[in-house]
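Text of the file start_35.txt, holding compact mmCIF, C-alpha atoms:
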```txt
# COMPACT_ATOMS: atom_id res chain seq x y z
CA MET T 21 -15.19 -1.28 12.34
CA ARG T 22 -13.58 -3.03 9.42
CA PHE T 23 -14.46 -2.40 5.80
CA ILE T 24 -15.07 -5.50 3.69
CA PHE T 25 -14.29 -5.76 0.00
CA ILE T 26 -16.09 -7.66 -2.77
CA ILE T 27 -13.84 -9.51 -5.21
CA SER T 28 -14.92 -10.61 -8.67
CA LEU T 29 -12.91 -12.28 -11.41
CA ILE T 30 -12.43 -8.88 -13.04
CA PHE T 31 -12.25 -6.30 -10.27
CA PHE T 32 -11.98 -5.68 -6.56
CA SER T 33 -14.63 -3.11 -5.66
CA CYS T 34 -14.97 -1.37 -2.31
CA THR T 35 -18.52 -1.00 -1.03
CA THR T 36 -20.32 -0.31 2.21
CA THR T 37 -21.79 -3.81 2.28
CA LYS T 38 -20.76 -6.27 4.96
CA LYS T 39 -21.00 -9.18 2.57
CA ILE T 40 -18.08 -10.72 0.75
CA VAL T 41 -17.98 -12.70 -2.47
CA VAL T 42 -14.70 -14.46 -3.25
CA ALA T 43 -13.74 -15.16 -6.83
CA SER T 44 -13.77 -18.79 -7.85
CA THR T 45 -10.21 -20.02 -8.32
CA THR T 46 -8.66 -23.29 -9.34
CA ALA T 47 -8.74 -26.12 -6.84
CA ASN T 48 -4.96 -26.01 -6.61
CA ARG T 49 -4.40 -22.42 -5.51
CA VAL T 50 -0.85 -21.13 -5.45
CA THR T 51 0.13 -20.79 -1.80
CA GLY T 52 2.67 -18.33 -0.45
CA ASN T 53 5.24 -21.11 -0.31
CA ASP T 54 4.38 -22.15 -3.88
CA PHE T 55 4.73 -18.59 -5.15
CA TYR T 56 8.27 -18.24 -3.88
CA HIS T 57 9.34 -21.69 -5.00
CA GLN T 58 8.06 -21.01 -8.52
CA ALA T 59 9.45 -17.45 -8.57
CA PHE T 60 12.84 -18.47 -7.12
CA GLY T 61 14.83 -17.74 -10.27
CA MET T 62 12.61 -15.04 -11.75
CA LYS T 63 13.70 -11.50 -12.58
CA TRP T 64 11.45 -8.54 -11.83
CA LYS T 65 9.32 -8.62 -15.01
CA GLU T 66 8.48 -12.28 -14.78
CA ARG T 67 7.88 -12.09 -11.02
CA ASP T 68 5.61 -9.05 -11.48
CA SER T 69 3.55 -10.85 -14.14
CA PHE T 70 3.19 -13.92 -11.95
CA ALA T 71 2.07 -11.85 -8.96
CA VAL T 72 -0.42 -9.75 -10.93
CA LYS T 73 -2.00 -12.84 -12.49
CA GLU T 74 -2.48 -14.52 -9.12
CA ILE T 75 -3.80 -11.47 -7.29
CA LEU T 76 -6.24 -10.41 -10.00
CA ALA T 77 -7.59 -13.97 -9.93
CA GLY T 78 -8.45 -13.42 -6.25
CA ASN T 79 -5.59 -15.46 -4.83
CA ILE T 80 -5.05 -13.49 -1.63
CA PRO T 81 -5.63 -14.43 2.03
CA SER T 82 -9.07 -13.48 3.33
CA PHE T 83 -7.76 -11.12 6.03
CA LEU T 84 -6.51 -8.73 3.33
CA LYS T 85 -10.11 -8.19 2.15
CA LYS T 86 -11.09 -6.53 5.44
CA PHE T 87 -9.84 -2.97 5.26
CA GLU T 88 -9.10 -0.83 8.33
CA ARG T 89 -10.47 2.64 8.96
CA ILE T 90 -7.97 5.50 9.44
CA LYS T 91 -9.29 8.77 10.88
CA VAL T 92 -7.61 12.11 10.16
CA SER T 93 -8.53 15.77 10.53
CA VAL T 94 -7.40 19.22 9.44
CA ILE T 95 -8.30 22.76 10.51
CA ASP T 96 -9.50 25.06 7.74
CA SER T 97 -7.17 28.08 7.98
CA ILE T 98 -9.96 30.43 6.84
CA THR T 99 -13.01 29.21 8.75
CA ARG T 100 -10.99 27.69 11.64
CA LYS T 101 -13.37 24.74 11.55
CA THR T 102 -12.19 21.17 11.91
CA ILE T 103 -12.70 18.92 8.90
CA ASN T 104 -12.62 15.19 9.55
CA ALA T 105 -12.00 12.40 7.10
CA GLU T 106 -11.87 8.63 7.04
CA TYR T 107 -10.10 6.39 4.58
CA PHE T 108 -9.68 2.63 4.43
CA VAL T 109 -6.46 0.67 4.05
CA SER T 110 -5.41 -2.94 3.74
CA PRO T 111 -4.43 -4.32 7.17
CA ASP T 112 -1.12 -5.65 5.84
CA TYR T 113 1.04 -5.41 2.74
CA LEU T 114 0.04 -7.12 -0.48
CA SER T 115 0.22 -10.89 -0.17
CA ILE T 116 -0.52 -14.05 -2.14
CA GLY T 117 -1.87 -17.39 -0.99
CA THR T 118 -4.41 -19.15 1.17
CA ASP T 119 -5.38 -18.39 4.76
CA ASP T 120 -3.17 -21.25 5.91
CA ASN T 121 -0.22 -20.56 3.63
CA TRP T 122 0.35 -17.00 2.40
CA ALA T 123 3.28 -14.66 1.91
CA ARG T 124 3.92 -10.96 1.43
CA ILE T 125 5.26 -10.11 -2.00
CA ASN T 126 7.48 -7.36 -3.37
CA ILE T 127 6.61 -5.88 -6.76
CA THR T 128 7.37 -2.78 -8.82
CA PRO T 129 5.15 0.32 -8.75
CA LEU T 130 3.92 -0.56 -12.24
CA ALA T 131 2.51 -3.91 -11.09
CA ALA T 132 1.26 -2.31 -7.89
CA GLN T 133 -0.60 0.39 -9.81
CA LYS T 134 -2.20 -2.16 -12.13
CA ILE T 135 -3.49 -4.05 -9.10
CA ALA T 136 -4.62 -0.87 -7.34
CA ASP T 137 -6.53 0.28 -10.42
CA SER T 138 -8.21 -3.10 -10.75
CA PHE T 139 -9.19 -3.04 -7.07
CA ASN T 140 -10.52 0.55 -7.14
CA CYS T 141 -7.71 1.64 -4.85
CA PHE T 142 -4.61 3.86 -4.82
CA LEU T 143 -1.19 3.93 -3.20
CA PRO T 144 -0.59 6.05 -0.08
CA THR T 145 1.28 9.33 0.40
CA ARG T 146 4.05 9.93 2.91
CA LYS T 147 1.60 11.47 5.38
CA MET T 148 -0.73 8.52 5.06
CA VAL T 149 2.10 6.09 5.80
CA ASP T 150 2.80 8.03 9.01
CA ASP T 151 -0.88 8.09 9.98
CA ILE T 152 -1.25 4.37 9.30
CA TYR T 153 1.77 3.67 11.51
CA LYS T 154 0.25 5.71 14.34
CA ALA T 155 -3.02 3.80 14.03
CA ALA T 156 -1.42 0.36 13.75
CA LYS T 157 -2.29 -2.22 16.37
CA VAL T 158 0.79 -4.33 15.61
CA LYS T 159 4.01 -2.30 15.34
CA LEU T 160 7.05 -4.44 14.60
CA GLU T 161 10.78 -3.71 14.55
CA PRO T 162 12.21 -3.29 11.02
CA VAL T 163 14.49 -6.16 9.96
CA PRO T 164 17.17 -4.86 7.54
CA MET T 165 19.02 -7.31 5.32
CA PHE T 166 22.20 -6.50 3.45
CA ALA T 167 22.93 -9.11 0.77
CA PHE T 168 21.09 -9.91 -2.48
CA ARG T 169 18.47 -7.33 -1.58
CA ASP T 170 16.57 -7.65 -4.87
CA SER T 171 16.57 -11.45 -5.08
CA THR T 172 13.41 -13.51 -4.73
CA PRO T 173 14.90 -15.80 -2.03
CA THR T 174 15.76 -12.74 0.09
CA MET T 175 12.15 -11.53 -0.22
CA TRP T 176 10.88 -14.90 0.98
CA HIS T 177 13.38 -14.96 3.85
CA HIS T 178 12.32 -11.47 4.93
CA HIS T 179 8.64 -12.46 5.01
CA LEU T 180 9.50 -15.42 7.24
CA MET T 181 11.49 -13.18 9.59
CA ILE T 182 8.54 -10.79 9.90
CA GLU T 183 6.22 -13.68 10.69
CA GLY T 184 8.63 -14.91 13.33
CA GLN T 185 8.45 -11.52 14.99
CA ARG T 186 4.67 -11.12 14.56
CA LYS T 187 3.95 -14.37 16.40
CA GLY T 188 0.39 -14.59 15.13
CA ARG T 189 -0.72 -11.19 16.38
CA LYS T 190 -3.61 -9.80 14.33
CA GLY T 191 -4.73 -6.33 13.31
CA LEU T 192 -3.41 -3.38 11.33
CA ILE T 193 0.34 -3.95 11.03
CA ALA T 194 3.13 -1.44 10.33
CA GLY T 195 6.87 -0.96 10.69
CA ILE T 196 7.74 -3.98 8.57
CA GLN T 197 8.23 -2.47 5.10
CA LYS T 198 9.00 0.71 3.19
CA ASP T 199 5.91 1.82 1.28
CA VAL T 200 5.74 2.52 -2.41
CA VAL T 201 4.11 5.96 -2.29
CA ILE T 202 2.77 8.67 -4.58
CA SER T 203 4.64 11.97 -4.29
CA GLY T 204 5.03 15.28 -6.08
CA LYS T 205 8.78 14.63 -6.01
CA ILE T 206 8.27 11.98 -8.71
CA SER T 207 7.68 14.66 -11.35
CA ARG T 208 9.97 17.34 -9.89
CA ASP T 209 13.21 15.80 -8.65
CA PRO T 210 16.07 15.76 -11.16
CA ILE T 211 16.05 12.49 -13.09
CA PRO T 212 19.27 10.61 -13.89
CA LYS T 213 19.59 10.17 -17.66
CA ALA T 214 19.69 6.40 -17.27
CA PHE T 215 16.20 6.46 -15.74
CA GLY T 216 14.40 7.89 -18.73
CA THR T 217 11.33 9.58 -17.25
CA ASP T 218 10.18 7.10 -14.63
CA ARG T 219 11.19 6.23 -11.08
CA VAL T 220 9.63 5.02 -7.85
CA ALA T 221 9.04 6.91 -4.59
CA ILE T 222 9.49 5.03 -1.33
CA TYR T 223 9.06 6.02 2.30
CA GLY T 224 8.72 4.53 5.77
CA TRP T 225 9.93 1.43 7.62
CA HIS T 226 9.26 3.03 10.98
CA LYS T 227 11.33 2.17 14.02
CA PRO T 228 9.69 1.68 17.45
CA ASP T 229 10.30 5.36 18.24
CA GLY T 230 8.06 6.28 15.29
CA ASN T 231 10.85 7.62 13.07
CA PRO T 232 11.19 6.11 9.58
CA ILE T 233 14.41 4.50 8.42
CA GLN T 234 13.64 5.58 4.86
CA PRO T 235 13.02 9.30 4.16
CA LEU T 236 10.92 10.11 1.12
CA TYR T 237 13.19 9.01 -1.73
CA THR T 238 12.91 9.01 -5.53
CA GLY T 239 16.41 7.83 -6.43
CA HIS T 240 15.45 4.40 -7.77
CA ILE T 241 14.42 3.64 -11.35
CA TYR T 242 10.77 2.56 -11.76
CA TRP T 243 11.54 -1.16 -11.99
CA TRP T 244 13.61 -1.27 -8.83
CA VAL T 245 12.16 -3.49 -6.10
CA ASP T 246 13.78 -5.22 -3.16
CA TYR T 247 12.80 -7.21 -0.08
CA SER T 248 11.97 -4.08 1.98
CA GLN T 249 9.52 -2.52 -0.47
CA GLY T 250 5.84 -3.26 0.26
CA ILE T 251 2.49 -2.33 -1.28
CA ARG T 252 -0.30 -0.97 0.92
CA LEU T 253 -3.64 -0.49 -0.84
CA VAL T 254 -6.04 2.35 0.00
CA TYR T 255 -9.65 2.52 -1.12
CA ARG T 256 -9.87 5.49 -3.51
CA LYS T 257 -13.02 7.01 -1.96
CA ILE T 258 -12.42 9.22 1.09
CA LYS T 259 -15.21 10.10 3.53
CA VAL T 260 -14.94 13.84 4.26
CA GLY T 261 -17.07 16.18 6.36
CA PRO T 262 -17.35 18.66 9.26
CA LYS T 263 -16.52 17.59 12.78
CA GLY T 264 -19.37 15.80 14.50
CA LEU T 265 -21.78 15.97 11.55
CA LEU T 266 -21.88 12.41 10.27
CA ARG T 267 -24.85 12.97 7.98
CA ARG T 268 -23.05 15.75 6.16
CA LYS T 269 -19.99 13.68 5.40
CA LYS T 270 -19.60 12.76 1.75
CA TRP T 271 -17.53 10.33 -0.27
CA MET T 272 -14.88 11.99 -2.43
CA ASP T 273 -12.39 10.52 -4.87
CA TYR T 274 -8.85 10.79 -3.56
CA ILE T 275 -7.79 12.84 -6.59
CA ASP T 276 -10.48 15.43 -5.83
CA VAL T 277 -9.30 15.55 -2.22
CA LEU T 278 -5.68 16.07 -3.31
CA ASN T 279 -6.77 18.80 -5.73
CA ASP T 280 -8.52 20.80 -3.02
CA PRO T 281 -6.21 23.42 -1.40
CA VAL T 282 -7.62 22.70 2.09
CA LEU T 283 -8.65 19.06 1.94
CA LYS T 284 -5.37 17.87 0.43
CA LYS T 285 -3.78 18.35 3.86
CA LEU T 286 -5.87 15.42 5.08
CA LEU T 287 -3.80 13.09 2.91
CA CYS T 288 -0.62 14.89 1.94
CA ASP T 289 2.03 16.91 3.78
CA GLU T 290 4.13 17.87 0.75
CA GLU T 291 4.22 21.21 -1.04
CA TRP T 292 3.05 19.51 -4.22
CA CYS T 293 0.39 16.77 -4.03
CA ASP T 294 -0.38 16.39 -7.73
CA PHE T 295 1.16 13.01 -8.58
CA TYR T 296 -1.71 10.55 -8.34
CA ARG T 297 -0.61 7.28 -9.89
CA TYR T 298 2.16 5.45 -11.72
CA ASN T 299 1.86 4.80 -15.44
CA TYR T 300 2.14 1.24 -16.75
```
Show the structure stored in the file as structure tokens.
Amino acid sequence: MRFIFIISLIFFSCTTTKKIVVASTTANRVTGNDFYHQAFGMKWKERDSFAVKEILAGNIPSFLKKFERIKVSVIDSITRKTINAEYFVSPDYLSIGTDDNWARINITPLAAQKIADSFNCFLPTRKMVDDIYKAAKVKLEPVPMFAFRDSTPTMWHHHLMIEGQRKGRKGLIAGIQKDVVISGKISRDPIPKAFGTDRVAIYGWHKPDGNPIQPLYTGHIYWWVDYSQGIRLVYRKIKVGPKGLLRRKKWMDYIDVLNDPVLKKLLCDEEWCDFYRYNY
């Protein structure tokens, strides 16, 4: 069953309701095609600002508001009992536009975090990216590109190539982008002096055999973004409970889950799972 989000002019709040309220926008909404034409010559800061403004105004295709359920479980090493959990993720990567004319966008982790915070969501971990890929209904072949990787026209071209491969198929999609992820490596890997204190972690772009092209990597400065880097949103409340006991399941904030020595394994497969969000 899909999870439906309520959008307001100020925030995007996940609830258990099956109703949806779409923010009022201007009559002339920026379409996916419009976004890329207007952003054609923009650098990352200007493009980020443009994307954040449009998305926080509710200018996203309606299918992105229907989040997909991902089920995971872990065995408590002490009690040997199975603990189940459910979390909810956007069915595709962050996009701008109308239902008839939309496009995936590529933004920095700073812009992504601002949007996630406003929408009551967070960015996934490496393990979550793997679990989402396993659950995906539409698994597509990665499409690497090799020239002008960080240019806006290349981002637009890549979106069109993905759509050509998707051929209108619907459902949870994966394999088409590397994910911007949260990772303990962000605060622990050696930082090049030129980076200051901030960088981005990326992971994924799974091939049809299930193996990712991109290992977990923190070698890019925080403002780096290219055509292959996508943003998957995850609702920040996780439903956690014993196996088979639906009434005893409870909603937990993802940070509380990651802070628990047992429950963190539901979401994270790293030694350190204590990096929760990017600063902006």
Please list, as a PyMOL selection string, the residues that have an atom at most 8 Å away from (10.8, -1.8, 17.5) in the coordinates of this file, counting only C-alpha atoms. chain T and resi 159-162+195+227-229
task: Fewer than 6 positions away in the same chain doesn't count, so skip those; otherwise give me all residues within 7 Å of Tyr113 of chain T, counting only C-alpha atoms, as a list in words.
output: Arg124, Gly250, Ile251 and Arg252 of chain T
How close does segment 89-168 of chain T get to segment 279-293 of chain T? List, as CSV, each residue of segment 89-168 of chain T within 7 Å, its nearest atom pair and the distance in Å to one decimal, counting all atoms listed in the file.
```
residue,atom,partner,partner_atom,distance
T:Val92,CA,T:Leu286,CA,6.3
T:Ser93,CA,T:Leu286,CA,6.1
T:Val94,CA,T:Leu286,CA,6.0
T:Asp96,CA,T:Val282,CA,6.4
T:Thr145,CA,T:Cys288,CA,6.1
T:Arg146,CA,T:Cys288,CA,6.9
T:Lys147,CA,T:Cys288,CA,5.3
T:Met148,CA,T:Leu287,CA,5.9
```
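Closest approach to Ile103 of chain T from the set T:Phe142, T:Gly261, T:Arg297, T:Gly239 is made by T:Gly261, with distances taken over only C-alpha atoms.
Near Tyr242 of chain T, within 7 Å and counting all atoms listed in the file, sit Thr128, Pro129, Asp218, Arg219, Val220, His240 and Trp244 of chain T; same-chain residues fewer than 2 positions away were not included.
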Taking only residues of segment 220-285 of chain T that have an atom at most 10 Å from an atom of segment 51-75 of chain T, what is each one's shortest atom pair and its distance in Å to one decimal, using all atoms listed in the file, in chain and number order, as a Markdown table?
```
| residue | atom | partner | partner_atom | distance |
| --- | --- | --- | --- | --- |
| T:Trp243 | CA | T:Trp64 | CA | 7.4 |
| T:Trp244 | CA | T:Trp64 | CA | 8.2 |
| T:Val245 | CA | T:Trp64 | CA | 7.7 |
| T:Asp246 | CA | T:Trp64 | CA | 9.6 |
```
Met181 of chain T proximity check over T:Met165, T:Ala194, T:Ala105, T:Val277, using all atoms listed in the file: winner is T:Met165
Using all atoms listed in the file, which residue out of T:Ile98, T:Ala221, T:Leu130, T:Cys141 lies closest to Tyr255 of chain T?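 Of the candidates, the smallest distance to Tyr255 of chain T is held by T:Cys141.
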Counting all atoms listed in the file, the residue among T:His179, T:Gly230, T:Leu76, T:Ala155 that lies closest to Asp137 of chain T is T:Leu76
Record the distance separating atom CA of Thr174 of chain T and atom CA of Ile80 of chain T, expressed in Å with one decimal.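 Separation between atom CA of Thr174 of chain T and atom CA of Ile80 of chain T: 20.9 Å.
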Excluding Pro262 of chain T and residues on its chain fewer than 4 positions from it, collect all residues at most 9 Å away from it, counting all atoms listed in the file, and give them as a list in words.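 The neighbour list is Lys101, Thr102, Ile103, Asn104, Ala105, Leu266, Arg268 and Lys269 of chain T.
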Counting only C-alpha atoms, closest pick from T:Ile211, T:Ala77, T:Val158, T:Leu253 relative to Ala136 of chain T is T:Leu253
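Counting all atoms listed in the file and comparing T:Pro111, T:Leu236, T:Ile90, T:Phe168, the residue that lies closest to Gly204 of chain T is T:Leu236.
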Using all atoms of segment 179-188 of chain T that appear in the file, construct an axis-aligned enclosing box with 8 Å of padding on every side and provide its centre coordinates and edge lengths in Å, rounded to one decimal, as lines of an AutoDock Vina configuration file.
```
center_x = 5.9
center_y = -13.1
center_z = 10.7
size_x = 27.1
size_y = 20.6
size_z = 27.4
```
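Across the structure, atom CA of Asp119 of chain T and atom CA of Tyr223 of chain T are spaced 28.5 Å apart.
Atom CA of Gln133 of chain T to atom CA of Leu114 of chain T spans 12.0 Å [interatomic distance, one decimal].
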### Query
Within 8 Å of Ala156 of chain T, counting all atoms listed in the file, which residues qualify if same-chain residues fewer than 5 places away don't, as a PyMOL selection string?
chain T and resi 191-194
For the selection just defined, write its residues with C-alpha atoms to a file, as an mmCIF file, in the coordinates of the input.
```cif
data_model
loop_
_atom_site.group_PDB
_atom_site.id
_atom_site.type_symbol
_atom_site.label_atom_id
_atom_site.label_comp_id
_atom_site.auth_asym_id
_atom_site.auth_seq_id
_atom_site.Cartn_x
_atom_site.Cartn_y
_atom_site.Cartn_z
ATOM 1 C CA GLY T 191 -4.730 -6.330 13.310
ATOM 2 C CA LEU T 192 -3.410 -3.380 11.330
ATOM 3 C CA ILE T 193 0.340 -3.950 11.030
ATOM 4 C CA ALA T 194 3.130 -1.440 10.330
#
```
